[in-house]
Structures are given as structure tokens and as C-alpha cells.
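Chemist: Below you'll find run_20.pdb; it's PDB, C-alpha atoms and all ligand atoms.
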```pdb
ATOM      1  CA  MET A   1     -16.441   7.586  -5.424
ATOM      2  CA  HIS A   2     -13.523   9.521  -3.894
ATOM      3  CA  ILE A   3     -10.225   7.615  -3.584
ATOM      4  CA  PHE A   4      -7.320   8.719  -1.380
ATOM      5  CA  ILE A   5      -4.127   6.868  -2.295
ATOM      6  CA  THR A   6      -0.470   7.090  -1.252
ATOM      7  CA  GLY A   7       2.559   6.670  -3.497
ATOM      8  CA  VAL A   8       1.223   7.652  -6.925
ATOM      9  CA  SER A   9       4.478   8.617  -8.691
ATOM     10  CA  LYS A  10       5.141   5.171 -10.178
ATOM     11  CA  GLY A  11       4.446   1.441  -9.936
ATOM     12  CA  LEU A  12       1.201   0.114  -8.548
ATOM     13  CA  GLY A  13       0.043   3.491  -7.211
ATOM     14  CA  LYS A  14       0.352   5.240 -10.579
ATOM     15  CA  GLU A  15      -1.571   2.383 -12.209
ATOM     16  CA  PHE A  16      -4.341   2.638  -9.583
ATOM     17  CA  VAL A  17      -4.749   6.361 -10.299
ATOM     18  CA  ASP A  18      -4.923   5.784 -14.074
ATOM     19  CA  TYR A  19      -7.618   3.161 -13.476
ATOM     20  CA  PHE A  20      -9.761   5.351 -11.199
ATOM     21  CA  LEU A  21      -9.479   8.492 -13.359
ATOM     22  CA  THR A  22     -10.441   6.504 -16.475
ATOM     23  CA  ALA A  23     -13.456   5.178 -14.551
ATOM     24  CA  GLY A  24     -14.520   8.774 -13.780
ATOM     25  CA  HIS A  25     -13.755   8.837 -10.062
ATOM     26  CA  LEU A  26     -12.263  11.586  -7.921
ATOM     27  CA  VAL A  27      -8.688  10.866  -6.784
ATOM     28  CA  THR A  28      -6.512  12.507  -4.127
ATOM     29  CA  GLY A  29      -2.877  11.402  -4.331
ATOM     30  CA  ILE A  30      -0.717  11.583  -1.199
ATOM     31  CA  GLY A  31       3.059  11.519  -1.531
ATOM     32  CA  ARG A  32       6.233  13.272  -2.610
ATOM     33  CA  SER A  33       5.545  13.641  -6.349
ATOM     34  CA  HIS A  34       3.153  12.844  -9.192
ATOM     35  CA  SER A  35       2.764  13.349 -12.933
ATOM     36  CA  PHE A  36      -1.029  13.706 -13.263
ATOM     37  CA  ASP A  37      -2.773  16.637 -14.912
ATOM     38  CA  HIS A  38      -6.502  15.873 -14.649
ATOM     39  CA  THR A  39      -9.494  17.812 -13.334
ATOM     40  CA  ASN A  40     -10.501  14.881 -11.094
ATOM     41  CA  PHE A  41      -7.039  14.601  -9.529
ATOM     42  CA  ASN A  42      -5.620  16.606  -6.658
ATOM     43  CA  PHE A  43      -2.483  16.065  -4.612
ATOM     44  CA  ILE A  44      -1.471  16.343  -0.968
ATOM     45  CA  HIS A  45       2.288  16.738  -0.703
ATOM     46  CA  CYS A  46       3.525  14.476   2.105
ATOM     47  CA  ASP A  47       6.770  12.694   2.845
ATOM     48  CA  LEU A  48       5.480   9.560   4.546
ATOM     49  CA  SER A  49       8.721   9.137   6.489
ATOM     50  CA  ASN A  50       7.876  12.385   8.305
ATOM     51  CA  VAL A  51       5.253  11.644  10.972
ATOM     52  CA  ASN A  52       4.332  15.313  11.449
ATOM     53  CA  GLU A  53       3.559  15.663   7.741
ATOM     54  CA  VAL A  54       1.474  12.471   7.859
ATOM     55  CA  LYS A  55      -0.514  13.731  10.858
ATOM     56  CA  SER A  56      -1.433  16.902   8.969
ATOM     57  CA  VAL A  57      -3.122  15.078   6.041
ATOM     58  CA  LYS A  58      -6.792  16.091   5.771
ATOM     59  CA  PHE A  59      -9.466  13.848   4.288
ATOM     60  CA  ASP A  60     -11.764  16.332   2.585
ATOM     61  CA  CYS A  61     -14.247  13.779   1.240
ATOM     62  CA  LYS A  62     -16.320  14.939  -1.734
ATOM     63  CA  GLU A  63     -18.397  11.795  -2.259
ATOM     64  CA  ASN A  64     -20.421   9.463  -0.045
ATOM     65  CA  GLU A  65     -18.339   6.439  -1.012
ATOM     66  CA  VAL A  66     -14.741   6.962   0.131
ATOM     67  CA  VAL A  67     -11.715   4.682  -0.259
ATOM     68  CA  LEU A  68      -8.257   4.914   1.335
ATOM     69  CA  ILE A  69      -5.486   2.907  -0.321
ATOM     70  CA  ASN A  70      -2.232   2.791   1.654
ATOM     71  CA  ASN A  71      -0.040   1.787  -1.279
ATOM     72  CA  ALA A  72       3.320   3.528  -0.797
ATOM     73  CA  GLY A  73       6.058   1.277   0.485
ATOM     74  CA  ILE A  74       9.800   0.782   0.535
ATOM     75  CA  ILE A  75      11.882  -2.381   0.744
ATOM     76  CA  GLY A  76      14.749  -0.612   2.527
ATOM     77  CA  ASN A  77      18.384  -1.591   2.703
ATOM     78  CA  ILE A  78      18.589  -5.199   1.419
ATOM     79  CA  LYS A  79      21.209  -6.626   3.771
ATOM     80  CA  ARG A  80      21.176  -8.668   6.940
ATOM     81  CA  ILE A  81      20.511  -6.319   9.858
ATOM     82  CA  SER A  82      23.895  -7.139  11.427
ATOM     83  CA  ASP A  83      25.651  -6.208   8.155
ATOM     84  CA  GLN A  84      23.938  -2.841   7.662
ATOM     85  CA  ASN A  85      26.195   0.132   8.382
ATOM     86  CA  GLU A  86      23.378   2.628   8.384
ATOM     87  CA  SER A  87      20.149   0.780   9.003
ATOM     88  CA  ASP A  88      16.976   2.307   7.621
ATOM     89  CA  ILE A  89      14.762   0.402  10.049
ATOM     90  CA  GLN A  90      13.061   3.597  11.201
ATOM     91  CA  GLU A  91      12.325   4.781   7.651
ATOM     92  CA  VAL A  92      10.938   1.385   6.551
ATOM     93  CA  MET A  93       8.724   1.066   9.628
ATOM     94  CA  THR A  94       7.508   4.668   9.321
ATOM     95  CA  VAL A  95       6.675   4.604   5.593
ATOM     96  CA  ASN A  96       5.248   1.054   5.587
ATOM     97  CA  ALA A  97       3.497   0.873   8.963
ATOM     98  CA  ILE A  98       3.392   4.033  11.135
ATOM     99  CA  ALA A  99       2.291   6.358   8.316
ATOM    100  CA  PRO A 100      -0.492   4.053   7.041
ATOM    101  CA  MET A 101      -1.716   3.542  10.617
ATOM    102  CA  ILE A 102      -1.871   7.302  11.200
ATOM    103  CA  LEU A 103      -3.637   7.780   7.850
ATOM    104  CA  CYS A 104      -6.186   5.076   8.744
ATOM    105  CA  GLN A 105      -6.836   6.865  12.040
ATOM    106  CA  GLY A 106      -7.295  10.248  10.340
ATOM    107  CA  PHE A 107      -9.552   8.675   7.712
ATOM    108  CA  LEU A 108     -11.756   6.974  10.328
ATOM    109  CA  ARG A 109     -11.994  10.118  12.445
ATOM    110  CA  GLN A 110     -12.678  12.546   9.612
ATOM    111  CA  THR A 111     -15.330  10.506   7.780
ATOM    112  CA  ASN A 112     -18.978  10.249   8.841
ATOM    113  CA  ASP A 113     -21.120   7.305   9.823
ATOM    114  CA  ASP A 114     -23.130   7.958   6.627
ATOM    115  CA  ASN A 115     -20.080   7.366   4.422
ATOM    116  CA  LYS A 116     -19.516   3.988   2.782
ATOM    117  CA  LEU A 117     -15.852   3.340   3.603
ATOM    118  CA  THR A 118     -13.173   0.988   2.299
ATOM    119  CA  ILE A 119      -9.561   0.805   3.461
ATOM    120  CA  ILE A 120      -7.107  -1.200   1.368
ATOM    121  CA  ASN A 121      -3.651  -1.614   2.865
ATOM    122  CA  ILE A 122      -1.128  -3.001   0.383
ATOM    123  CA  SER A 123       0.705  -5.697   2.295
ATOM    124  CA  SER A 124       3.045  -8.389   0.974
ATOM    125  CA  GLY A 125       3.657 -12.122   0.977
ATOM    126  CA  ALA A 126       6.683 -11.080   3.067
ATOM    127  CA  ALA A 127       4.225 -10.738   5.982
ATOM    128  CA  ASN A 128       3.722 -14.505   5.954
ATOM    129  CA  ARG A 129       7.309 -15.729   6.119
ATOM    130  CA  PRO A 130      10.749 -14.545   7.184
ATOM    131  CA  ILE A 131      12.905 -13.452   4.228
ATOM    132  CA  PRO A 132      16.551 -12.916   5.248
ATOM    133  CA  SER A 133      17.780  -9.362   4.449
ATOM    134  CA  TRP A 134      14.211  -7.997   4.555
ATOM    135  CA  ALA A 135      13.767  -8.005   8.351
ATOM    136  CA  ALA A 136      12.271  -4.517   8.641
ATOM    137  CA  TYR A 137      10.139  -4.942   5.507
ATOM    138  CA  CYS A 138       8.650  -8.286   6.647
ATOM    139  CA  SER A 139       7.981  -6.814  10.105
ATOM    140  CA  SER A 140       6.284  -3.705   8.720
ATOM    141  CA  LYS A 141       3.935  -5.753   6.527
ATOM    142  CA  ILE A 142       2.846  -8.204   9.213
ATOM    143  CA  ALA A 143       2.200  -5.210  11.475
ATOM    144  CA  MET A 144      -0.229  -3.842   8.868
ATOM    145  CA  ASP A 145      -1.979  -7.214   8.548
ATOM    146  CA  ARG A 146      -2.766  -7.352  12.258
ATOM    147  CA  PHE A 147      -3.574  -3.618  12.424
ATOM    148  CA  SER A 148      -6.073  -4.026   9.575
ATOM    149  CA  GLU A 149      -7.829  -6.960  11.261
ATOM    150  CA  THR A 150      -8.021  -5.043  14.521
ATOM    151  CA  ILE A 151      -9.425  -1.780  13.186
ATOM    152  CA  TYR A 152     -11.988  -3.717  11.164
ATOM    153  CA  LEU A 153     -13.293  -5.331  14.368
ATOM    154  CA  GLU A 154     -13.213  -1.956  16.157
ATOM    155  CA  GLU A 155     -15.308  -0.261  13.486
ATOM    156  CA  GLN A 156     -17.698  -3.259  13.433
ATOM    157  CA  GLU A 157     -18.177  -2.687  17.163
ATOM    158  CA  LYS A 158     -19.121   0.908  16.370
ATOM    159  CA  GLY A 159     -21.571  -0.276  13.695
ATOM    160  CA  ARG A 160     -19.860   1.595  10.881
ATOM    161  CA  ASN A 161     -20.295   0.789   7.202
ATOM    162  CA  ILE A 162     -16.714  -0.175   6.434
ATOM    163  CA  ASN A 163     -14.563  -2.846   4.821
ATOM    164  CA  VAL A 164     -10.853  -3.173   5.601
ATOM    165  CA  PHE A 165      -8.405  -5.302   3.627
ATOM    166  CA  SER A 166      -4.700  -6.014   3.916
ATOM    167  CA  VAL A 167      -3.774  -7.503   0.575
ATOM    168  CA  ALA A 168      -0.600  -9.120  -0.723
ATOM    169  CA  PRO A 169      -0.432  -8.140  -4.393
ATOM    170  CA  GLY A 170       2.021 -10.832  -5.589
ATOM    171  CA  VAL A 171       5.271 -10.097  -7.395
ATOM    172  CA  ILE A 172       4.678  -7.045  -9.576
ATOM    173  CA  ASP A 173       6.855  -5.602 -12.304
ATOM    174  CA  THR A 174       7.785  -2.265 -10.683
ATOM    175  CA  SER A 175      10.914  -0.397  -9.636
ATOM    176  CA  MET A 176      10.794  -2.198  -6.288
ATOM    177  CA  GLN A 177      11.514  -5.479  -8.112
ATOM    178  CA  GLU A 178      14.312  -3.778 -10.102
ATOM    179  CA  LYS A 179      15.917  -2.771  -6.822
ATOM    180  CA  ILE A 180      15.563  -6.333  -5.463
ATOM    181  CA  ARG A 181      17.184  -7.850  -8.606
ATOM    182  CA  ALA A 182      20.064  -5.362  -8.417
ATOM    183  CA  THR A 183      21.055  -6.546  -4.925
ATOM    184  CA  ASN A 184      24.446  -8.120  -4.295
ATOM    185  CA  LYS A 185      24.098 -11.932  -4.000
ATOM    186  CA  VAL A 186      26.340 -11.996  -0.939
ATOM    187  CA  ASP A 187      23.723  -9.912   0.864
ATOM    188  CA  PHE A 188      20.536 -11.617  -0.313
ATOM    189  CA  SER A 189      20.072 -15.402  -0.344
ATOM    190  CA  SER A 190      16.780 -15.223  -2.313
ATOM    191  CA  LEU A 191      18.274 -13.195  -5.165
ATOM    192  CA  ASP A 192      18.204 -16.057  -7.701
ATOM    193  CA  ASN A 193      14.467 -16.658  -7.065
ATOM    194  CA  PHE A 194      13.601 -13.057  -7.910
ATOM    195  CA  ARG A 195      15.911 -12.977 -10.948
ATOM    196  CA  SER A 196      14.378 -16.177 -12.329
ATOM    197  CA  LEU A 197      10.817 -14.948 -11.785
ATOM    198  CA  HIS A 198      11.757 -11.983 -13.981
ATOM    199  CA  GLU A 199      13.642 -14.043 -16.595
ATOM    200  CA  ASN A 200      10.722 -16.492 -16.859
ATOM    201  CA  GLY A 201       8.197 -13.684 -17.319
ATOM    202  CA  GLU A 202       6.392 -14.561 -14.084
ATOM    203  CA  LEU A 203       5.921 -11.028 -12.756
ATOM    204  CA  THR A 204       2.410  -9.611 -12.747
ATOM    205  CA  SER A 205       2.010  -6.349 -14.653
ATOM    206  CA  PRO A 206       0.802  -3.378 -12.559
ATOM    207  CA  ASN A 207      -2.229  -3.197 -14.873
ATOM    208  CA  ASP A 208      -3.275  -6.822 -14.250
ATOM    209  CA  ALA A 209      -2.694  -6.399 -10.505
ATOM    210  CA  VAL A 210      -4.870  -3.257 -10.293
ATOM    211  CA  ASN A 211      -7.688  -4.861 -12.313
ATOM    212  CA  LYS A 212      -7.893  -7.563  -9.642
ATOM    213  CA  LEU A 213      -7.251  -5.387  -6.580
ATOM    214  CA  VAL A 214     -10.115  -2.989  -7.363
ATOM    215  CA  LYS A 215     -12.541  -5.915  -6.941
ATOM    216  CA  LEU A 216     -12.006  -5.489  -3.196
ATOM    217  CA  ILE A 217     -13.998  -2.242  -3.311
ATOM    218  CA  GLN A 218     -17.137  -4.090  -4.509
ATOM    219  CA  LYS A 219     -16.964  -6.791  -1.834
ATOM    220  CA  LYS A 220     -19.942  -7.026   0.508
ATOM    221  CA  GLU A 221     -17.811  -7.746   3.564
ATOM    222  CA  SER A 222     -14.187  -7.988   4.727
ATOM    223  CA  ASN A 223     -14.058 -11.737   4.950
ATOM    224  CA  PRO A 224     -11.175 -12.281   5.139
ATOM    225  CA  VAL A 225      -9.427  -9.005   5.980
ATOM    226  CA  ILE A 226      -6.025 -10.500   5.081
ATOM    227  CA  CYS A 227      -6.029 -11.709   1.506
ATOM    228  CA  ASN A 228      -3.921 -11.961  -1.612
ATOM    229  CA  LEU A 229      -4.263 -11.241  -5.296
ATOM    230  CA  ASN A 230      -4.962 -14.876  -6.193
ATOM    231  CA  ASP A 231      -8.113 -14.827  -4.034
ATOM    232  CA  LEU A 232      -9.628 -12.046  -6.158
TER     233      LEU A 232
HETATM  234  N1  LIG A 301       6.416  -4.801  -6.515
HETATM  235  C1  LIG A 301       6.192  -5.915  -5.821
HETATM  236  O1  LIG A 301       6.563  -7.036  -6.266
HETATM  237  C2  LIG A 301       5.463  -5.873  -4.526
HETATM  238  C3  LIG A 301       5.192  -7.104  -3.880
HETATM  239  C4  LIG A 301       4.496  -7.090  -2.672
HETATM  240  C5  LIG A 301       4.072  -5.904  -2.146
HETATM  241  N2  LIG A 301       4.357  -4.719  -2.793
HETATM  242  C6  LIG A 301       3.876  -3.477  -2.178
HETATM  243  O2  LIG A 301       3.154  -2.733  -3.146
HETATM  244  C7  LIG A 301       3.229  -1.340  -2.832
HETATM  245  C8  LIG A 301       3.630  -0.560  -4.074
HETATM  246  O3  LIG A 301       4.935  -0.958  -4.430
HETATM  247  P1  LIG A 301       5.549  -0.747  -5.897
HETATM  248  O4  LIG A 301       6.086  -2.065  -6.298
HETATM  249  O5  LIG A 301       4.577  -0.031  -6.776
HETATM  250  O6  LIG A 301       6.793   0.185  -5.519
HETATM  251  P2  LIG A 301       7.491   1.409  -6.292
HETATM  252  O7  LIG A 301       7.335   1.251  -7.766
HETATM  253  O8  LIG A 301       8.853   1.476  -5.719
HETATM  254  O9  LIG A 301       6.617   2.676  -5.824
HETATM  255  C9  LIG A 301       6.592   3.031  -4.464
HETATM  256  C10 LIG A 301       5.761   4.284  -4.268
HETATM  257  O10 LIG A 301       5.847   4.644  -2.880
HETATM  258  C11 LIG A 301       6.224   6.018  -2.804
HETATM  259  N3  LIG A 301       7.020   6.329  -1.617
HETATM  260  C12 LIG A 301       8.137   5.712  -1.165
HETATM  261  N4  LIG A 301       8.639   6.366  -0.104
HETATM  262  C13 LIG A 301       7.810   7.428   0.126
HETATM  263  C14 LIG A 301       7.799   8.476   1.084
HETATM  264  N5  LIG A 301       8.739   8.597   2.029
HETATM  265  N6  LIG A 301       6.793   9.396   1.025
HETATM  266  C15 LIG A 301       5.851   9.307   0.063
HETATM  267  N7  LIG A 301       5.805   8.343  -0.867
HETATM  268  C16 LIG A 301       6.780   7.404  -0.836
HETATM  269  C17 LIG A 301       7.076   6.246  -4.040
HETATM  270  O11 LIG A 301       7.131   7.637  -4.281
HETATM  271  P3  LIG A 301       8.521   8.424  -4.603
HETATM  272  O12 LIG A 301       8.585   8.511  -6.093
HETATM  273  O13 LIG A 301       8.359   9.720  -3.920
HETATM  274  O14 LIG A 301       9.652   7.586  -4.023
HETATM  275  C18 LIG A 301       6.273   5.461  -5.081
HETATM  276  O15 LIG A 301       5.218   6.229  -5.581
HETATM  277  C19 LIG A 301       4.226  -1.226  -1.667
HETATM  278  O16 LIG A 301       3.546  -1.116  -0.446
HETATM  279  C20 LIG A 301       4.979  -2.556  -1.717
HETATM  280  O17 LIG A 301       5.506  -2.907  -0.458
HETATM  281  C21 LIG A 301       5.034  -4.688  -3.964
END
```
Take the structure in this file and express it as C-alpha cells.
Ligand SMILES: NC(=O)c1ccc[n+]([C@@H]2O[C@H](COP(=O)([O-])OP(=O)(O)OC[C@H]3O[C@@H](n4cnc5c(N)ncnc54)[C@H](OP(=O)(O)O)[C@@H]3O)[C@@H](O)[C@H]2O)c1

Modeler:
Amino acid sequence: MHIFITGVSKGLGKEFVDYFLTAGHLVTGIGRSHSFDHTNFNFIHCDLSNVNEVKSVKFDCKENEVVLINNAGIIGNIKRISDQNESDIQEVMTVNAIAPMILCQGFLRQTNDDNKLTIINISSGAANRPIPSWAAYCSSKIAMDRFSETIYLEEQEKGRNINVFSVAPGVIDTSMQEKIRATNKVDFSSLDNFRSLHENGELTSPNDAVNKLVKLIQKKESNPVICNLNDL
């Protein structure tokens, strides 16, 4: 199996790569940096906030079974939109939604009908409800949910052998959660919830999350396309 995955420098993405390399698979990381030194790992340097760089990513598939995991994501400036001096709306939407959409398009165009394909877009529970101070983040994730459902139907119409998932991974113990907990309470009404999840040891480890998320690759069909970690 050949896995293409974005955002492999830390967090969930780094854990995914460790899992796949240990299992003997070929991995291509896509992103700004990485720390892997392994014969089965290669890296495409790409800043996902730069659309031209994203468009130039090539999917040079070496195996029949190919997986794309759009993992990289940013929470952005955690403040109400009207309180943000310099909004990063464009960066959040580009990294979390435009870049993964362009990568899905490149992946679908550059793979063959003979390939067995899986796309896993890492979404968020924030797609399902409005969370004040995360307006761009919530919007980017719900965009990926609907995009994933749509491209799955499109590829079904073309009779291709593909599964597409948009999965909310739960609350995971990564640097994204550190950033959330470090927010100023005045700016973020849900701060106490995230701090208590951490204090009560309720965050999922990246290792436990990956062990569940990889089950998506073995699924016979994308039913449902939009899912969450607890379903796996
Ligand atoms: N942690 C959670 O509780 C949680 C909950 C729900 C959903 N998620 C989703 O899970 C995914 C992984 O998040 P995480 O918690 O592992 O976050 P993380 O620890 O902050 O890691 C984010 C990854 O994305 C990469 N990235 C960010 N901006 C990039 C850019 N412009 N170009 C290329 N790569 C970029 C980072 O690389 P650099 O080192 O280059 O910045 C890093 O490898 C995200 O899509 C996130 O939205 C996380």
C-alpha cells in the first residue's frame, strides 16, 4: 500500500506515518517539515497555505492500493471574528479546505481505474456545531464533510473502486489542543471545557486515535462517508 499524507511533522500525522512505516507500507509525506529517516518514506515539500504549491503536488503511485490522508489542519486565530485585528480566515480556509480539495482532485486525476483508492479527510466535531471563536475552523471542516460526500458520489457514478471518508477524530492530545488551552478566556467561551478535558485525562492519545482511524482503510464501502472515531 502507498499512503500520501499531509502534515507529518507532529501530532496525528506523525503518528500515522509511524504506524504505516512499522506496518511495512510506502509513505509519502506532504508538508513543510518532517523528521523521518526511513527507506520507505519520501517527502514532498509543500506549504498548504500556498495554492500554487498545492497544485504542483504529484501523486507518483508505486502500489496498486493507494491512500490519501488529508490530515494537516490549523485552528487559526482563536477570537471572535469581530475582535480579530488580523484575521487568518484565508489561511484557515486554504490549509483546511482548499488545499485538501485540490489534493483530492489531483489524486483522483492522477490515479488509474485499476487502483484501489481510499481518501480520508480529517474533519472535526466542530463541523457539526457552531463553536464561538472558531468560525473559520468550523466552516472549513463542514466544507470538507460535504465535499467528501459529493466526490464519493461522483466517483461512484464513474464506477471507480474508491472509498471516501470525512472523519472527526475526537479530542486528541496534540499541539493543537495545547494552543486551544492557552487561549485567553475573554476570547473563548469554551475554554473551561477544553481545560477540564485535559485535567480529567479525557484526551485521546494520537496512538489510540490512529489505531482506530486506520480501520477505515479496510472498510468495504463508504457508508457513511461522514463518521467519527467512536464509530470505528
Ligand atoms: N487535536 C485535536 O483535538 C483535533 C480534533 C479534531 C480534529 N483535529 C484535526 O486533526 C488534524 C491533525 O491535527 P493535530 O491535532 O495533529 O494538529 P497539530 O499537532 O497542530 O499538527 C498539525 C499538522 O499540520 C501541519 N500544517 C499546518 N499548517 C500547514 C501548512 N501551511 N502547510 C503544511 N502543513 C501544515 C503541521 O505542520 P508544521 O509543523 O509545518 O506546522 C502539522 O504537521 C487536523 O486536521 C485537525 O483539524 C484535531

Chemist: Go through A:Gln105, A:Asn40, A:Ser35, A:Gln110 one by one, measure the shortest atom-to-atom distance of each to A:Val66 using all atoms listed in the file, and give the residue with the smallest value.

Modeler: A:Gln110

Chemist: Give the answer as one residue: which of A:Thr94, A:Ser205, A:Ser133, A:Asn161 has the shortest atom-to-atom distance to A:Leu191, using all atoms listed in the file?

Modeler: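 Closest candidate: A:Ser133.
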
Chemist: When the cut-off is 7 Å and you count all atoms listed in the file, which residues lie near ligand LIG 301 (chain A), shown as a ChimeraX atom specification?

Modeler: /A:6-13,31-33,46-49,71-75,95-96,122-125,168-177

Chemist: Once the PyMOL selection byres (((chain A and resi 183) around 12) and not hetatm) has been evaluated on this model, what residues remain selected, and can you format them as a ChimeraX atom specification?

Modeler: /A:75-79,133-134,176-182,184-192,194-195

Chemist: Quick one: which stretch 35-85 of chain A residues come within 12 Å of stretch 217-229 of chain A, and what is the nearest atom pair for each with the distance in Å to one decimal, counting only C-alpha atoms, rows ordered by chain and ascending number, as JSON lines?

Modeler:
```
{"residue": "A:Glu65", "atom": "CA", "partner": "A:Ile217", "partner_atom": "CA", "distance": 10.0}
{"residue": "A:Val66", "atom": "CA", "partner": "A:Ile217", "partner_atom": "CA", "distance": 9.9}
{"residue": "A:Val67", "atom": "CA", "partner": "A:Ile217", "partner_atom": "CA", "distance": 7.9}
{"residue": "A:Leu68", "atom": "CA", "partner": "A:Ile217", "partner_atom": "CA", "distance": 10.3}
{"residue": "A:Ile69", "atom": "CA", "partner": "A:Ile217", "partner_atom": "CA", "distance": 10.4}
```

Chemist: Take atom CA of A:Asp114 and atom CA of A:Lys62 and report the distance between them in Å, one decimal.

Modeler: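 Taking atom CA of A:Asp114 and atom CA of A:Lys62, their separation equals 12.8 Å.
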
Chemist: Smallest atom-to-atom distance to A:Met1: which of A:Phe16, A:Arg160, A:Ala135, A:Asn64, using all atoms listed in the file?

Modeler: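 Among A:Phe16, A:Arg160, A:Ala135, A:Asn64, it is A:Asn64 that comes nearest to A:Met1.
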